[in-house]
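So this one's protein-v2.txt, compact mmCIF, C-alpha atoms:
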```
# COMPACT_ATOMS: atom_id res chain seq x y z
CA MET X 1 163.18 38.51 -6.63
CA LYS X 2 159.52 37.77 -6.89
CA ARG X 3 157.59 39.64 -9.53
CA SER X 4 153.87 40.21 -9.82
CA ILE X 5 152.18 38.35 -12.61
CA GLU X 6 150.55 41.32 -14.17
CA LYS X 7 150.65 45.09 -14.24
CA VAL X 8 148.21 47.49 -15.73
CA LEU X 9 149.29 51.04 -16.41
CA HIS X 10 146.33 53.31 -16.82
CA TYR X 11 147.00 56.69 -18.36
CA ARG X 12 144.42 59.48 -18.41
CA ALA X 13 145.02 62.51 -20.61
CA LYS X 14 142.73 64.86 -18.67
CA LYS X 15 144.23 67.76 -16.72
CA GLY X 16 145.13 66.91 -13.16
CA SER X 17 144.90 63.16 -13.72
CA VAL X 18 147.38 60.69 -12.29
CA VAL X 19 149.00 57.51 -13.48
CA SER X 20 147.46 54.58 -11.67
CA LYS X 21 149.70 51.58 -11.20
CA VAL X 22 147.81 48.41 -10.42
CA ILE X 23 149.65 45.38 -9.18
CA SER X 24 148.16 41.92 -8.96
CA SER X 25 148.02 40.60 -5.41
CA SER X 26 148.49 37.01 -6.52
CA PHE X 27 152.08 37.14 -5.24
CA PRO X 28 153.53 39.21 -2.42
CA THR X 29 155.42 42.32 -3.46
CA THR X 30 157.81 44.63 -1.70
CA GLU X 31 156.39 47.72 -3.41
CA LYS X 32 154.46 50.04 -1.12
CA THR X 33 150.94 51.10 -2.02
CA THR X 34 150.47 54.85 -2.11
CA ALA X 35 147.24 56.80 -1.77
CA LYS X 36 147.05 57.04 -5.54
CA GLU X 37 147.31 53.27 -6.03
CA LYS X 38 144.05 51.38 -5.89
CA PRO X 39 143.40 47.63 -5.62
CA PHE X 40 142.64 45.99 -8.95
CA ASP X 41 139.14 44.60 -9.30
CA ARG X 42 139.34 41.74 -11.83
CA ARG X 43 135.61 42.06 -12.50
CA LEU X 44 136.36 45.43 -14.10
CA GLU X 45 139.20 44.05 -16.18
CA THR X 46 137.24 43.94 -19.41
CA ALA X 47 135.63 47.32 -18.82
CA ILE X 48 138.86 49.31 -19.18
CA PHE X 49 138.70 50.75 -22.66
CA ASP X 50 141.41 53.40 -22.51
CA SER X 51 144.11 51.45 -20.73
CA ILE X 52 147.43 49.94 -21.58
CA LEU X 53 147.35 46.26 -20.60
CA ILE X 54 150.57 44.52 -19.62
CA THR X 55 150.25 40.90 -18.59
CA THR X 56 151.97 37.50 -18.70
CA PRO X 57 149.64 35.10 -20.58
CA ALA X 58 151.40 32.03 -19.20
CA THR X 59 150.35 32.85 -15.64
CA VAL X 60 146.91 34.43 -16.09
CA GLU X 61 144.27 32.67 -13.99
CA LEU X 62 141.56 31.27 -16.27
CA GLU X 63 137.92 30.35 -15.75
CA PRO X 64 136.04 27.27 -17.03
CA GLU X 65 134.60 27.61 -20.52
CA PRO X 66 133.31 24.19 -21.64
CA ILE X 67 133.48 23.15 -25.27
CA PRO X 68 129.99 22.34 -26.64
CA PRO X 69 129.54 18.55 -26.19
CA ASP X 70 128.52 18.02 -29.81
CA TRP X 71 131.82 19.57 -30.98
CA ILE X 72 133.96 17.00 -29.14
CA VAL X 73 135.37 14.27 -31.39
CA SER X 74 137.36 12.25 -28.87
CA GLY X 75 138.76 12.41 -25.36
CA THR X 76 137.63 14.78 -22.64
CA PRO X 77 139.16 18.15 -23.47
CA VAL X 78 138.63 20.74 -20.72
CA ALA X 79 138.81 24.37 -21.85
CA ARG X 80 139.32 27.53 -19.81
CA CYS X 81 139.34 31.17 -20.82
CA LYS X 82 139.83 34.71 -19.55
CA LYS X 83 138.68 37.78 -21.47
CA MET X 84 141.41 40.34 -20.85
CA LEU X 85 140.26 43.45 -22.69
CA ARG X 86 137.52 44.70 -25.00
CA SER X 87 137.94 47.54 -27.49
CA HIS X 88 136.08 50.83 -27.02
CA ASP X 89 133.73 50.04 -29.94
CA ARG X 90 133.11 46.55 -28.48
CA THR X 91 133.93 44.84 -31.79
CA SER X 92 137.25 43.34 -30.66
CA HIS X 93 138.61 41.64 -27.60
CA ILE X 94 141.66 39.74 -26.36
CA VAL X 95 141.47 36.42 -24.55
CA VAL X 96 143.82 33.92 -22.97
CA TRP X 97 142.58 30.36 -23.52
CA ASP X 98 143.84 26.88 -22.75
CA CYS X 99 142.64 23.31 -23.19
CA THR X 100 143.71 19.84 -22.06
CA PRO X 101 144.37 16.99 -24.55
CA GLY X 102 141.51 15.84 -26.73
CA SER X 103 140.01 16.36 -30.17
CA PHE X 104 137.15 18.64 -31.14
CA LYS X 105 135.66 20.66 -33.96
CA TRP X 106 135.72 24.45 -33.75
CA PHE X 107 133.53 26.94 -35.59
CA TYR X 108 134.72 30.53 -35.84
CA GLY X 109 131.98 33.16 -35.51
CA MET X 110 134.52 36.01 -35.48
CA ASP X 111 137.85 36.69 -37.17
CA GLU X 112 140.47 35.27 -34.81
CA ALA X 113 144.24 35.50 -34.73
CA ILE X 114 146.09 33.31 -32.23
CA ILE X 115 149.58 33.04 -30.81
CA VAL X 116 150.45 29.80 -29.03
CA ILE X 117 152.11 30.29 -25.64
CA SER X 118 152.70 26.68 -24.66
CA GLY X 119 151.71 23.11 -25.48
CA GLU X 120 151.13 21.33 -28.76
CA ALA X 121 148.16 20.79 -31.06
CA PHE X 122 147.40 19.71 -34.59
CA MET X 123 144.81 21.54 -36.66
CA ILE X 124 143.02 19.95 -39.61
CA ASP X 125 141.49 22.56 -41.91
CA GLU X 126 138.45 22.31 -44.18
CA LYS X 127 140.64 20.85 -46.96
CA GLY X 128 141.81 18.03 -44.74
CA GLU X 129 145.35 19.42 -44.40
CA GLU X 130 147.00 19.05 -41.00
CA ARG X 131 149.24 21.68 -39.40
CA ARG X 132 151.15 21.49 -36.12
CA PHE X 133 150.97 24.39 -33.66
CA GLY X 134 153.55 24.93 -30.94
CA PRO X 135 154.92 27.79 -28.81
CA GLY X 136 155.41 30.95 -30.86
CA ASP X 137 153.24 29.83 -33.79
CA LEU X 138 150.64 32.24 -35.15
CA GLY X 139 147.43 31.44 -36.98
CA PHE X 140 144.50 33.35 -38.43
CA PHE X 141 140.97 31.97 -38.78
CA PRO X 142 138.39 34.07 -40.68
CA ALA X 143 134.82 34.25 -39.41
CA GLY X 144 132.69 31.49 -40.94
CA THR X 145 135.49 28.91 -41.16
CA SER X 146 135.83 25.72 -39.14
CA CYS X 147 138.49 23.13 -38.38
CA THR X 148 139.27 20.16 -36.15
CA TRP X 149 141.77 20.50 -33.33
CA ARG X 150 143.72 17.59 -31.85
CA ILE X 151 145.53 18.67 -28.71
CA THR X 152 148.35 16.37 -27.60
CA GLU X 153 149.78 18.56 -24.82
CA THR X 154 147.76 21.14 -22.87
CA LEU X 155 147.64 24.15 -25.15
CA ARG X 156 147.58 27.79 -24.06
CA LYS X 157 147.09 30.60 -26.52
CA VAL X 158 146.31 34.29 -26.75
CA GLY X 159 143.40 35.03 -29.08
CA PHE X 160 142.65 38.33 -30.78
CA LEU X 161 138.99 38.31 -31.87
CA LYS X 162 137.22 40.83 -34.05
CA GLU X 163 133.68 41.08 -35.35
CA SER X 164 133.51 40.76 -39.10
CA LEU X 165 131.89 43.88 -40.61
CA TRP X 166 129.90 44.11 -43.83
CA ARG X 167 132.55 45.25 -46.35
CA PRO X 168 130.89 48.56 -47.39
CA LEU X 169 130.38 49.41 -43.72
CA GLY X 170 133.98 48.55 -42.92
CA LEU X 171 135.22 50.79 -45.75
CA GLY X 172 132.98 53.57 -44.47
CA VAL X 173 134.40 53.26 -40.94
CA LYS X 174 137.94 53.24 -42.33
CA ALA X 175 137.24 56.40 -44.38
CA TRP X 176 135.70 58.11 -41.33
CA HIS X 177 138.77 57.37 -39.21
CA LYS X 178 141.02 58.72 -41.96
CA ILE X 179 139.02 61.96 -42.03
CA LEU X 180 139.35 62.27 -38.25
CA ARG X 181 143.12 61.85 -38.51
CA ILE X 182 143.34 64.49 -41.23
CA VAL X 183 141.40 67.08 -39.20
CA GLY X 184 143.23 66.17 -36.01
CA LEU X 185 140.32 64.57 -34.16
CA ALA X 186 141.56 60.98 -34.08
CA GLY X 187 141.23 59.49 -30.60
CA LYS X 188 138.58 61.92 -29.41
CA SER X 189 135.60 60.54 -27.53
CA ALA X 190 132.37 59.77 -29.39
CA LEU X 191 130.51 62.19 -27.08
CA MET X 192 132.84 65.04 -27.98
CA LEU X 193 132.49 64.31 -31.68
CA THR X 194 128.69 64.26 -31.34
CA PHE X 195 128.70 67.68 -29.70
CA MET X 196 130.94 69.02 -32.45
CA VAL X 197 128.69 67.68 -35.21
CA LEU X 198 125.60 69.18 -33.55
CA ALA X 199 127.40 72.49 -33.13
CA LEU X 200 128.35 72.57 -36.80
CA ARG X 201 124.80 71.74 -37.86
CA SER X 202 123.42 74.58 -35.78
CA LEU X 203 125.58 77.15 -37.59
```
Do you think you could lay out the structure here as structure tokens?
Amino acid sequence: MKRSIEKVLHYRAKKGSVVSKVISSSFPTTEKTTAKEKPFDRRLETAIFDSILITTPATVELEPEPIPPDWIVSGTPVARCKKMLRSHDRTSHIVVWDCTPGSFKWFYGMDEAIIVISGEAFMIDEKGEERRFGPGDLGFFPAGTSCTWRITETLRKVGFLKESLWRPLGLGVKAWHKILRIVGLAGKSALMLTFMVLALRSL
């Protein structure tokens, strides 16, 4: 039985809302489309902030994302990428990325955790130590670090990227979220919280 390569289940908590089931049209499917099912616009993929994303990284269609020429050490590595989802606060996002064999330097501007889906690569860190990465391996690279990658077999990975916050600011955000959980407001929209704060100030 053929299966679609990705499904997105979008749940809305508002009264009278429906569950939208979006099925990729990359492969034919025997499921019938109802009036409540709408075609999936990939251009809006990264704009869904309150959705559950279910996908198969190995089959996601990627787009060209060239490595800066001055980063390449040897060979002609060709990289592709697809940004799958961005967090509501726009500080984090998830990508699927792959690259053909070659060697290059990489500089991390954001904290990044990766899980290798397929292929093989060797990473040389700032201390000169080499580490092999293969399917199932996980790595974490803090913002501001760099390394050299040597890909021997086309590598595909899922990357989880997050902006690095100034520590005091990060602690402040963490404390604010804890307060929201305590008073039962965790998960509420920023607009709703703004109205509540203004209402309290007017008392």
CA of Leu155 (chain X) and CA of Arg90 (chain X) are how many Å apart? 26.9 Å
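Atom to atom, CA of Arg80 (chain X) and CA of Ile124 (chain X) stand 21.5 Å apart.
Taking all atoms listed in the file, the non-local environment of Asp98 (chain X) within 10 Å (same-chain residues fewer than 4 positions away omitted) comprises Ala58, Leu62, Glu63, Pro64, Glu65, Pro77, Val78, Ala79, Arg80, Cys81, Lys82, Val116, Ile117, Ser118, Gly119, Thr154, Leu155, Arg156, Lys157 and Val158 of chain X.
With all atoms listed in the file as the atoms that count, the minimum distance from Glu120 (chain X) to the choices X:Ser92, X:Ser103, X:Thr152, X:Ser146 is reached by X:Thr152.
Minimum atom-to-atom distances from X:Met110, X:Gly159, X:Ser74, X:Thr148 to Trp97 (chain X) were compared using all atoms listed in the file, and the lowest value belongs to X:Gly159.
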As a check of understanding: the span from CA of Phe104 (chain X) to CA of Phe140 (chain X) is 18.0 Å
With distances taken over all atoms listed in the file, which of X:Val183, X:Ile67, X:Val60, X:Leu138 is nearest to Lys83 (chain X)? X:Val60
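Minimum distance to Ala113 (chain X) across X:Ile52, X:Leu161, X:Ala143, X:Ile94 (counting all atoms listed in the file) occurs at X:Leu161.
Between Ile151 (chain X) and the residues X:Val73, X:Ile115, X:Ile179, X:Val96, the shortest atom-to-atom distance, using all atoms listed in the file, involves X:Val73.
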Pick from X:Lys162, X:Thr56, X:Cys147, X:Glu153: nearest to Glu129 (chain X), with all atoms listed in the file counted? X:Cys147
